[in-house]
Amino acid sequence: MKEYLEGSRAVAQAVKLCKPGVISAYPITPQTHIVEELAQMVSNGELKSQFVNVESEHSAASVVLGGVAAGVRSFTATSSQGLFYMGEVIFNIAGMRLPLVLTCANRAISAPINIWNDQQDSLSLRDAGWIQLYAENVQEAVDFHILGYRLSEDHSVMLPVMVCMDGFILTHGMETVDMPQDAEVDKFLPAYKPLYKLDPTDPISMGLLADPDYYMETRFAIEDTMKDVLGFLPKVSREFNACFGRDYKDCLIEEYLVKDADKVIVAMGSVCGTIKETIDELRKKGKKIGLLKIISFRPFPYQAVYEALKNTKQVAVLDKAVSLGAYAPLAVEIKAAFFGKKKSPKVISSFVAGLGGRDITLSSIKEIFKKLSVKEVNLEFIDLKPELLKEEYGG
Amino acid sequence: MEDKLLFKPGHTACAGCGQAIGARLVIEAAGANTIVVNNTGCLEVFTTRFPESAWNVPWIHSLFENAAAVASGVEAALIYLGKKENTNVIAQAGDGGTADIGLQALSGMLERGHDILYVCYDNEAYMNCLSTSSLILTKDGLKKITEIKVGEEVYAFNQANHELVLKKCSGVFDNGRKEVFEIQTLHHSIKATGNHPFLVLKRNGRGRSNTLVWKAVEQLETGDRVVTLKSLTGGSPFKFPQIQKTQKGDYKVNKLNEINLPQETTPDLMKYLGIFVGDGWRRQNRGEIGFALPEGKKARKVLSALHGQIFASKMTSDKNYVYANSVNLAKFIDTLEFGSGAKSKTIPGWVFTLPCEQREAFVEGLMLADGYDHSGSKRYVSASPDLLKRMRLLLQTMNYRVGKIHTQRKVKGTHCVYRDLLHDSEYGYVCFSEKKEWNLGKYSSQYRYQDFLIDNKFFQTEEIRSIKSVGVEPTLDLRVEDEHNFIADGFVVHNTGVQRSGLTPFSANTTTSPYGPALIGNLRPKKPMPEIALAHGIPYVATCSVAFIPDIQRKVKKAISIKGPKYIQMHVPCPLGWRHGPEETIQVAKLAVETGLYPIVEFENGSLISRRQVAPKPVEEYLKTQGRFKHLLNNPEAIKAVQEIADRNISRYGLKIEEQKPT
């Protein structure tokens, strides 16, 4: 059923369709609308969940950890500082192999405090053992929650999924969404069957101390599963496509006019929409350009990226985050995908844009295509205001 | 019966751990239909080291500070599943996990009204030791720290007169796996955890005499001078245990090389055994002792002569080897615990108890086999790391200058110590030389300034050359009566300490609130956690003590019968941190209550419904039972301040038993 909805409301509807038994969150902009909506549903009696209003994100993540450990599908959402405050619990949930879906409404990181969008928060937690899916639009955000639970709870996976959606751009934007129907979702996503849980009739201990004789294998096991997810996610995606009439293909990457392109931008999240529009415009002028959208940042689909871009001459990687003192996070992965390979783009340039909510406009994208030439550039900041770096601003 | 226990034995808590006793009482009182959520802490570490778990109820640990929040999630899930009515949820933590880092999550849990019992095991500090590879000097020689038993006498440093003394070990503690640092001086090296105290020289400036202070590894710097052992005098010959000699006429024995076996060690025998440890092997089933001593090597002649003198028997030989064929000699040598195989040869502990002259003879024998002179110093080579480590410590009991252990790798065919290597091999060596005696008559004050203990017979100070982290290892600690120190790998070390938490009592000496000339120890009284819990308006708050077992059981049962958040705080002594004997746990806990320092109270819906009344004893009786308060005992003012805390508790809760009126 098509509905014109705010992104947060649409995601709340999607979460409701997944029927989590335990929901816990702590308010933080721009995530708040999602849990406000869910709280209202619980209060209305439409959603039979335990909604736990906690005193911090650390406890929000801990509550859902406890919920899943006790055998109940659980949900939380957060942003930015909230995700960082959850940080140690985030690693803990993955280490304990507890399936969960968390919405990250991507927002910049303090200081200076800034409530607007970039992807620094979730990308900073890329090593936590979570599957990270980046949504381009509200429809994808909605769908990835449903797909995320199915993926996460599969007994061959048992890893948490973070659905990353750009704060404000997607959480507060209105969009026409094809909302899946309850019965369809129930068919695709059956009730949670825990592989292990806290149960007095069959007592187990969870979260044990692993000394050097055991710890490394626990990390290896997660890594091994991550590799399997690269094969399993496409399978789940195809089922999802068939069930809901979508076309996410393997759900690892999306190619937009890449095949015949000389120049391709690689990006993640809502900016891909802007890039597609720019491409459409420039293609009319005869420019052979394309977009490679990364959906799954963890696990990272190196092989799919390689196959997609091996014949492209020039690649620009657009990051909405930085790893200060090193190449930007997505650029590192794309360069790594081609290191030591027979075929490779001649140039892989890296651009940073849109930090702290600075708009990435059509002209920003055009500038990237313009700067993408035979000369490789790295960490080129787009739309930087040089006048602000002058002395009068203390810089 | 065994598998019905909800908290099973076999965990790795210290002897006398109050928390282990308390945790078991709580879960047994709560029953099998209970889910336990545990914060990080001693209890979690000693009960659930993968792949083992002491818990026979569903149990989960996530982090140091979030048990209350995880339990909230578990409770919410149980409500969702409709199973809350017949399932108890217990969140439990230590005092740090409750009153400090975990307070926020606890406050959230209490305020939200979850049906959870929260139990705080209050051992009044963050409890935390030497690496288990450490070798300890005891009356019976050198022993691995893992072999030391309570009651055994270990060598210690007398802090009053700087003499070497023997003191009883009063506790051995497994501290689990911890990050370990390696501290190296010119002659010594040791591995210890960051909080382990070492005895360090403190220079008090010109004209003032220097003093010795304890400093934790984390505070040590290169250049600091630490106290180490330099020589061990005394000692006596080692009497060999009797062995069952093989005789003619035994099963399948029709021929026997007769041999005289010695009763106790002599310098000659030690020299012979030194050569054996260096170059010998033993094949008991063939009754053979052999030595890899090729013709022309000096040790060959010495060995044959010694063999004749000691055992009154002869050896056979070929171009490369010398043999003594005797079942009884092989049996005898087997009892001496020298190990077998080039890589696992060792120097057994009893060698360290010998008189100096016999230790010298042993070293001479080792040197004849595997040593050589190298530009004025001696160098001993071996493929056994343990042998080298012990050789180094042995030399350190004989006032030698000893270098560190060097390792080398030689490829097959290299000519090395009179033979060509048959395989690639890795081995190490240690160098040593006679110490130059200082001319004390001439510049004695300067020398004394440089080396405080210069004319001490047993100890010296040495400069730390390096301190580095060497990863995580299992650690152990000893507690030693009176002196509270012992000699590990040649260093004088203190048994370890603990770090202050919000529930550490006033004046307690911890490693982060140490007692010193300026400060009395912990400056603040305990954070009033029960009152903080009460202020949340929750239905049940109680304190209890591991000394009063039926009281614990009653309170836990009562708490779980009440719906809503409940808070119980239990006083649980920690022998390691509080420094009392493991057998004194209950007595110490009891005294805390009897002095009024730990009020046992119970509140229902905010009103005091019960209290344990006592005939108050002076606080001194409690303080004197524990090392952490030892510094208060000749400080009447401090005792007065502690007494005031007890008096306030007594009047506040009416803890004093009313005098019986005659009827």
# chains A, B, ... in the order shown; residues from 1 in each chain; ligands from 1
call {"tool": "interface_residues", "arguments": {"of": "chain B", "to": "chain A", "cutoff": "7 Å", "atoms": "only C-alpha atoms", "output": "list in words"}}
result
Ala32, Asn33, Thr34, Ile35, Val45, Thr48, Arg49, Phe50, Ser53, Trp55, Asn56, Val57, Pro58, Trp59, Ile60, His61, Ser62, Asn66, Ala69, Val70, Ala71, Ser72, Gly73, Val74, Ala76, Ala77, Tyr80, Ala105 and Gly108 of chain B
call {"tool": "residues_around", "arguments": {"residues": "B:Leu117", "least_positions_apart": "2", "cutoff": "6 Å", "atoms": "only C-alpha atoms", "output": "PyMOL selection string"}}
result
chain B and resi 90+565-566
call {"tool": "residues_around", "arguments": {"residues": "A:Asp143", "least_positions_apart": "2", "cutoff": "12 Å", "atoms": "only C-alpha atoms", "output": "VMD selection string"}}
result
chain A and resid 7 10 to 15 17 to 18 133 to 141 145 to 150 163 165 177 to 181 185 188 to 189 237 240 to 241 243 to 248 251
call {"tool": "write_last_selection", "arguments": {"atoms": "C-alpha atoms", "output": "PDB file, in the first residue's frame"}}
result
ATOM      1  CA  GLY A   7      10.937   8.733   6.960  1.00  0.00           C
ATOM      2  CA  ALA A  10       7.726   4.897   7.818  1.00  0.00           C
ATOM      3  CA  VAL A  11      10.565   3.177   9.687  1.00  0.00           C
ATOM      4  CA  ALA A  12       8.414   2.984  12.833  1.00  0.00           C
ATOM      5  CA  GLN A  13       5.688   1.319  10.736  1.00  0.00           C
ATOM      6  CA  ALA A  14       8.247  -1.141   9.380  1.00  0.00           C
ATOM      7  CA  VAL A  15       9.483  -1.947  12.892  1.00  0.00           C
ATOM      8  CA  LEU A  17       5.453  -4.979  11.150  1.00  0.00           C
ATOM      9  CA  CYS A  18       8.464  -6.896  12.550  1.00  0.00           C
ATOM     10  CA  LEU A 133      23.327  -1.538   5.457  1.00  0.00           C
ATOM     11  CA  TYR A 134      23.086   2.014   4.081  1.00  0.00           C
ATOM     12  CA  ALA A 135      19.722   3.195   2.741  1.00  0.00           C
ATOM     13  CA  GLU A 136      19.423   5.607  -0.175  1.00  0.00           C
ATOM     14  CA  ASN A 137      15.801   6.510   0.420  1.00  0.00           C
ATOM     15  CA  VAL A 138      12.960   5.887   2.833  1.00  0.00           C
ATOM     16  CA  GLN A 139      11.740   2.886   0.865  1.00  0.00           C
ATOM     17  CA  GLU A 140      15.094   1.180   1.317  1.00  0.00           C
ATOM     18  CA  ALA A 141      15.204   2.154   4.997  1.00  0.00           C
ATOM     19  CA  HIS A 145      14.600  -3.317   8.617  1.00  0.00           C
ATOM     20  CA  ILE A 146      12.460  -6.242   7.570  1.00  0.00           C
ATOM     21  CA  LEU A 147      15.267  -7.821   5.599  1.00  0.00           C
ATOM     22  CA  GLY A 148      17.670  -7.027   8.463  1.00  0.00           C
ATOM     23  CA  TYR A 149      15.755  -9.067  11.064  1.00  0.00           C
ATOM     24  CA  ARG A 150      15.526 -12.003   8.687  1.00  0.00           C
ATOM     25  CA  VAL A 163      20.331   0.025   9.247  1.00  0.00           C
ATOM     26  CA  MET A 165      19.748   6.164   7.181  1.00  0.00           C
ATOM     27  CA  VAL A 177       6.508   4.568   0.386  1.00  0.00           C
ATOM     28  CA  ASP A 178       5.136   1.212  -0.603  1.00  0.00           C
ATOM     29  CA  MET A 179       4.430  -0.130   2.894  1.00  0.00           C
ATOM     30  CA  PRO A 180       4.577  -3.938   3.049  1.00  0.00           C
ATOM     31  CA  GLN A 181       1.487  -5.700   4.332  1.00  0.00           C
ATOM     32  CA  VAL A 185       5.965  -9.606   6.417  1.00  0.00           C
ATOM     33  CA  PHE A 188       8.923 -13.480   4.989  1.00  0.00           C
ATOM     34  CA  LEU A 189       9.904 -12.955   8.631  1.00  0.00           C
ATOM     35  CA  SER A 237      17.541 -10.328  -0.906  1.00  0.00           C
ATOM     36  CA  PHE A 240      12.685 -10.372  -0.354  1.00  0.00           C
ATOM     37  CA  ASN A 241      12.464  -9.123  -3.935  1.00  0.00           C
ATOM     38  CA  CYS A 243       7.980 -11.442  -1.768  1.00  0.00           C
ATOM     39  CA  PHE A 244       7.610  -7.658  -1.937  1.00  0.00           C
ATOM     40  CA  GLY A 245       8.157  -6.924  -5.608  1.00  0.00           C
ATOM     41  CA  ARG A 246      11.418  -5.021  -5.227  1.00  0.00           C
ATOM     42  CA  ASP A 247      14.654  -5.113  -7.182  1.00  0.00           C
ATOM     43  CA  TYR A 248      17.555  -4.956  -4.737  1.00  0.00           C
ATOM     44  CA  CYS A 251      21.653  -6.110  -1.923  1.00  0.00           C
TER      45      CYS A 251
END
call {"tool": "select_by_dssp", "arguments": {"residues": "stretch 195-368 of chain A", "states": "alpha helix (DSSP H)", "output": "MDAnalysis selection string"}}
result
chainID A and resid 215:244 271:284 302:309 329:338 362:368
call {"tool": "atom_distance", "arguments": {"atom1": "atom CA of B:Ser236", "atom2": "atom CA of B:Gln263"}}
result
13.3 Å
